[in-house]
$ cat model39.txt   # compact mmCIF, C-alpha atoms
# COMPACT_ATOMS: atom_id res chain seq x y z
CA MET A 1118 0.00 0.00 0.00
CA ILE A 1119 1.22 3.50 -0.87
CA LEU A 1120 0.85 6.86 0.87
CA MET A 1121 0.85 9.67 -1.67
CA PRO A 1122 1.12 13.33 -0.66
CA GLY A 1123 0.46 15.72 -3.52
CA SER A 1124 -2.39 14.03 -5.35
CA THR A 1125 -4.09 17.37 -6.10
CA GLY A 1126 -1.02 18.76 -7.85
CA VAL A 1127 0.39 18.49 -11.35
CA LEU A 1128 2.22 15.16 -11.00
CA GLY A 1129 -0.07 13.63 -8.43
CA SER A 1130 -3.20 14.23 -10.46
CA ALA A 1131 -1.54 12.41 -13.37
CA MET A 1132 -0.21 9.48 -11.31
CA GLY A 1133 -2.98 9.11 -8.76
CA PRO A 1134 -5.71 7.60 -10.94
CA ALA A 1135 -3.44 4.69 -11.83
CA LEU A 1136 -2.73 4.05 -8.14
CA LYS A 1137 -6.12 4.76 -6.61
CA GLU A 1138 -6.77 1.13 -5.59
CA ASP A 1139 -3.33 0.77 -3.99
CA ALA A 1140 -2.91 4.13 -2.29
CA PHE A 1141 -4.03 6.45 0.45
CA PHE A 1142 -3.82 10.15 -0.26
CA LEU A 1143 -2.44 12.78 2.13
CA ILE A 1144 -4.31 15.94 1.18
CA ARG A 1145 -4.10 19.42 2.67
CA GLY A 1146 -7.63 20.22 3.78
CA GLY A 1147 -8.68 16.57 3.51
CA ARG A 1148 -12.13 16.01 2.08
CA ASN A 1149 -12.75 19.78 2.15
CA ASN A 1150 -10.02 20.60 -0.37
CA ALA A 1151 -11.61 22.47 -3.28
CA ARG A 1152 -9.12 20.85 -5.69
CA LEU A 1153 -10.02 17.30 -4.62
CA PRO A 1154 -10.10 15.10 -7.73
CA GLY A 1155 -13.27 13.11 -8.31
CA TRP A 1156 -11.37 9.86 -8.76
CA ILE A 1157 -10.29 9.68 -5.10
CA ASP A 1158 -12.43 7.50 -2.83
CA SER A 1159 -13.11 9.59 0.29
CA ASN A 1160 -12.21 6.57 2.46
CA ARG A 1161 -8.66 6.82 1.11
CA ILE A 1162 -8.09 10.43 2.17
CA ILE A 1163 -6.16 11.56 5.21
CA ALA A 1164 -5.92 15.27 5.98
CA GLY A 1165 -2.37 16.51 6.39
CA ASP A 1166 0.05 19.30 5.62
CA ILE A 1167 3.61 18.51 4.56
CA THR A 1168 4.85 21.87 5.84
CA LYS A 1169 4.21 20.67 9.42
CA PRO A 1170 6.20 18.11 11.42
CA LEU A 1171 5.01 14.56 10.65
CA CYS A 1172 2.84 16.23 7.99
CA GLY A 1173 0.52 17.53 10.69
CA LEU A 1174 -0.64 14.04 11.67
CA GLY A 1175 -1.48 13.17 15.25
CA ALA A 1176 -1.17 9.86 17.07
CA GLU A 1177 -4.63 8.67 15.95
CA ASP A 1178 -3.83 9.47 12.30
CA LEU A 1179 -0.52 7.62 12.55
CA ARG A 1180 -2.23 4.54 14.02
CA TRP A 1181 -4.84 4.68 11.23
CA LEU A 1182 -2.14 4.80 8.54
CA LYS A 1183 -0.14 2.03 10.17
CA SER A 1184 -3.22 -0.19 10.27
CA ARG A 1185 -3.60 0.24 6.49
CA GLY A 1186 -0.28 -1.47 5.79
CA ILE A 1187 1.50 1.47 4.17
CA SER A 1188 4.85 0.21 2.93
CA ARG A 1189 5.81 2.92 0.43
CA VAL A 1190 5.54 6.67 0.06
CA LEU A 1191 5.27 8.36 -3.31
CA HIS A 1192 6.01 12.01 -2.53
CA MET A 1193 4.43 14.10 -5.29
CA ALA A 1194 3.79 17.32 -3.36
CA ALA A 1195 5.74 20.39 -4.43
CA SER A 1196 5.48 24.08 -5.13
CA VAL A 1197 6.05 24.90 -8.77
CA LYS A 1198 5.97 28.64 -8.18
CA PHE A 1199 9.14 30.55 -8.92
CA GLU A 1200 8.43 34.14 -7.86
CA ASP A 1201 11.08 35.59 -5.54
CA SER A 1202 8.34 37.06 -3.33
CA LEU A 1203 7.20 33.50 -2.54
CA SER A 1204 10.61 32.09 -1.64
CA LYS A 1205 9.63 31.32 1.98
CA GLU A 1206 6.52 29.41 0.84
CA ILE A 1207 8.49 27.55 -1.82
CA PHE A 1208 11.18 26.57 0.70
CA ALA A 1209 8.55 25.46 3.24
CA VAL A 1210 6.85 23.19 0.73
CA ASN A 1211 9.80 21.85 -1.25
CA MET A 1212 12.53 21.57 1.36
CA ASP A 1213 10.80 21.39 4.74
CA GLY A 1214 7.91 19.45 3.22
CA THR A 1215 10.26 16.80 1.87
CA LYS A 1216 12.00 16.53 5.24
CA ASN A 1217 8.62 16.14 6.96
CA VAL A 1218 7.48 13.44 4.52
CA LEU A 1219 10.77 11.60 5.10
CA ALA A 1220 10.32 11.84 8.88
CA LEU A 1221 6.76 10.52 8.55
CA SER A 1222 8.03 7.65 6.41

$ encode --input "model39.txt" --output "structure tokens"
Amino acid sequence: MILMPGSTGVLGSAMGPALKEDAFFLIRGGRNNARLPGWIDSNRIIAGDITKPLCGLGAEDLRWLKSRGISRVLHMAASVKFEDSLSKEIFAVNMDGTKNVLALS
């Protein structure tokens, strides 16, 4: 089973449909995300935020994921913005976010 952060983004929305039966999707805003693709089964969504330690997941969320048999992480979340004025946001998502996904893994 796969955990995939970034399924609402450019790469994730292309890869996710092929994995939907074998994956759970870490989505900022969870089921309330306005960009939530229609192909995702709501039972396969976990609300999280890669810019937070352990992707913002608490002990109950971690137990839930562990019980699902997650054995791989396909990290697709990233900021593809390049404006200098957004450098802090870009760093938080791309650098800190990757560190947080690795720590969660």

$ residues_near_point --input "model39.txt" --point "(9.2, 10.4, 1.7)" --cutoff "9 Å" --atoms "only C-alpha atoms" --output "number ranges by chain"
A: 1122, 1189-1192, 1215-1222

$ residues_around --input "model39.txt" --residues "Asn1211 (chain A)" --least-positions-apart "5" --cutoff "9 Å" --atoms "all atoms listed in the file" --output "list in words"
Thr1168, Ala1194, Ala1195, Ser1196, Val1197, Glu1206 and Lys1216 of chain A

$ closest_atom_pairs --input "model39.txt" --of "region 1166-1199 of chain A" --to "region 1146-1154 of chain A" --cutoff "12 Å" --atoms "only C-alpha atoms" --output "CSV"
residue,atom,partner,partner_atom,distance
A:Asp1166,CA,A:Gly1146,CA,8.0
A:Ile1167,CA,A:Gly1146,CA,11.4
A:Cys1172,CA,A:Gly1146,CA,12.0
A:Gly1173,CA,A:Gly1146,CA,11.0
A:Leu1174,CA,A:Gly1147,CA,11.7

$ atom_distance --input "model39.txt" --atom1 "CA of Val1210 (chain A)" --atom2 "CA of Ile1163 (chain A)"
18.0 Å

$ closest_residue --input "model39.txt" --among "A:Leu1171, A:Arg1145, A:Leu1182, A:Ile1157" --to "Ser1130 (chain A)" --atoms "all atoms listed in the file"
A:Ile1157

$ closest_residue --input "model39.txt" --among "A:Leu1128, A:Ala1209, A:Ile1119, A:Lys1198" --to "Pro1170 (chain A)" --atoms "only C-alpha atoms"
A:Ala1209

$ atom_distance --input "model39.txt" --atom1 "CA of Asp1178 (chain A)" --atom2 "CA of Phe1208 (chain A)"
25.5 Å

$ atom_distance --input "model39.txt" --atom1 "CA of Glu1200 (chain A)" --atom2 "CA of Leu1120 (chain A)"
29.6 Å

$ closest_residue --input "model39.txt" --among "A:Ala1131, A:Met1118, A:Leu1179, A:Gly1165" --to "Met1193 (chain A)" --atoms "all atoms listed in the file"
A:Ala1131

$ closest_residue --input "model39.txt" --among "A:Ser1124, A:Asn1160, A:Gly1129, A:Gly1175" --to "Leu1143 (chain A)" --atoms "only C-alpha atoms"
A:Ser1124

$ axis_aligned_box --input "model39.txt" --around "region 1154-1173 of chain A" --padding-each-side "8 Å" --output "lines of an AutoDock Vina configuration file"
center_x = -3.5
center_y = 14.2
center_z = 1.3
size_x = 35.5
size_y = 31.3
size_z = 36.2

$ closest_residue --input "model39.txt" --among "A:Ser1204, A:Met1121, A:Ala1176, A:Lys1183" --to "Ala1140 (chain A)" --atoms "only C-alpha atoms"
A:Met1121
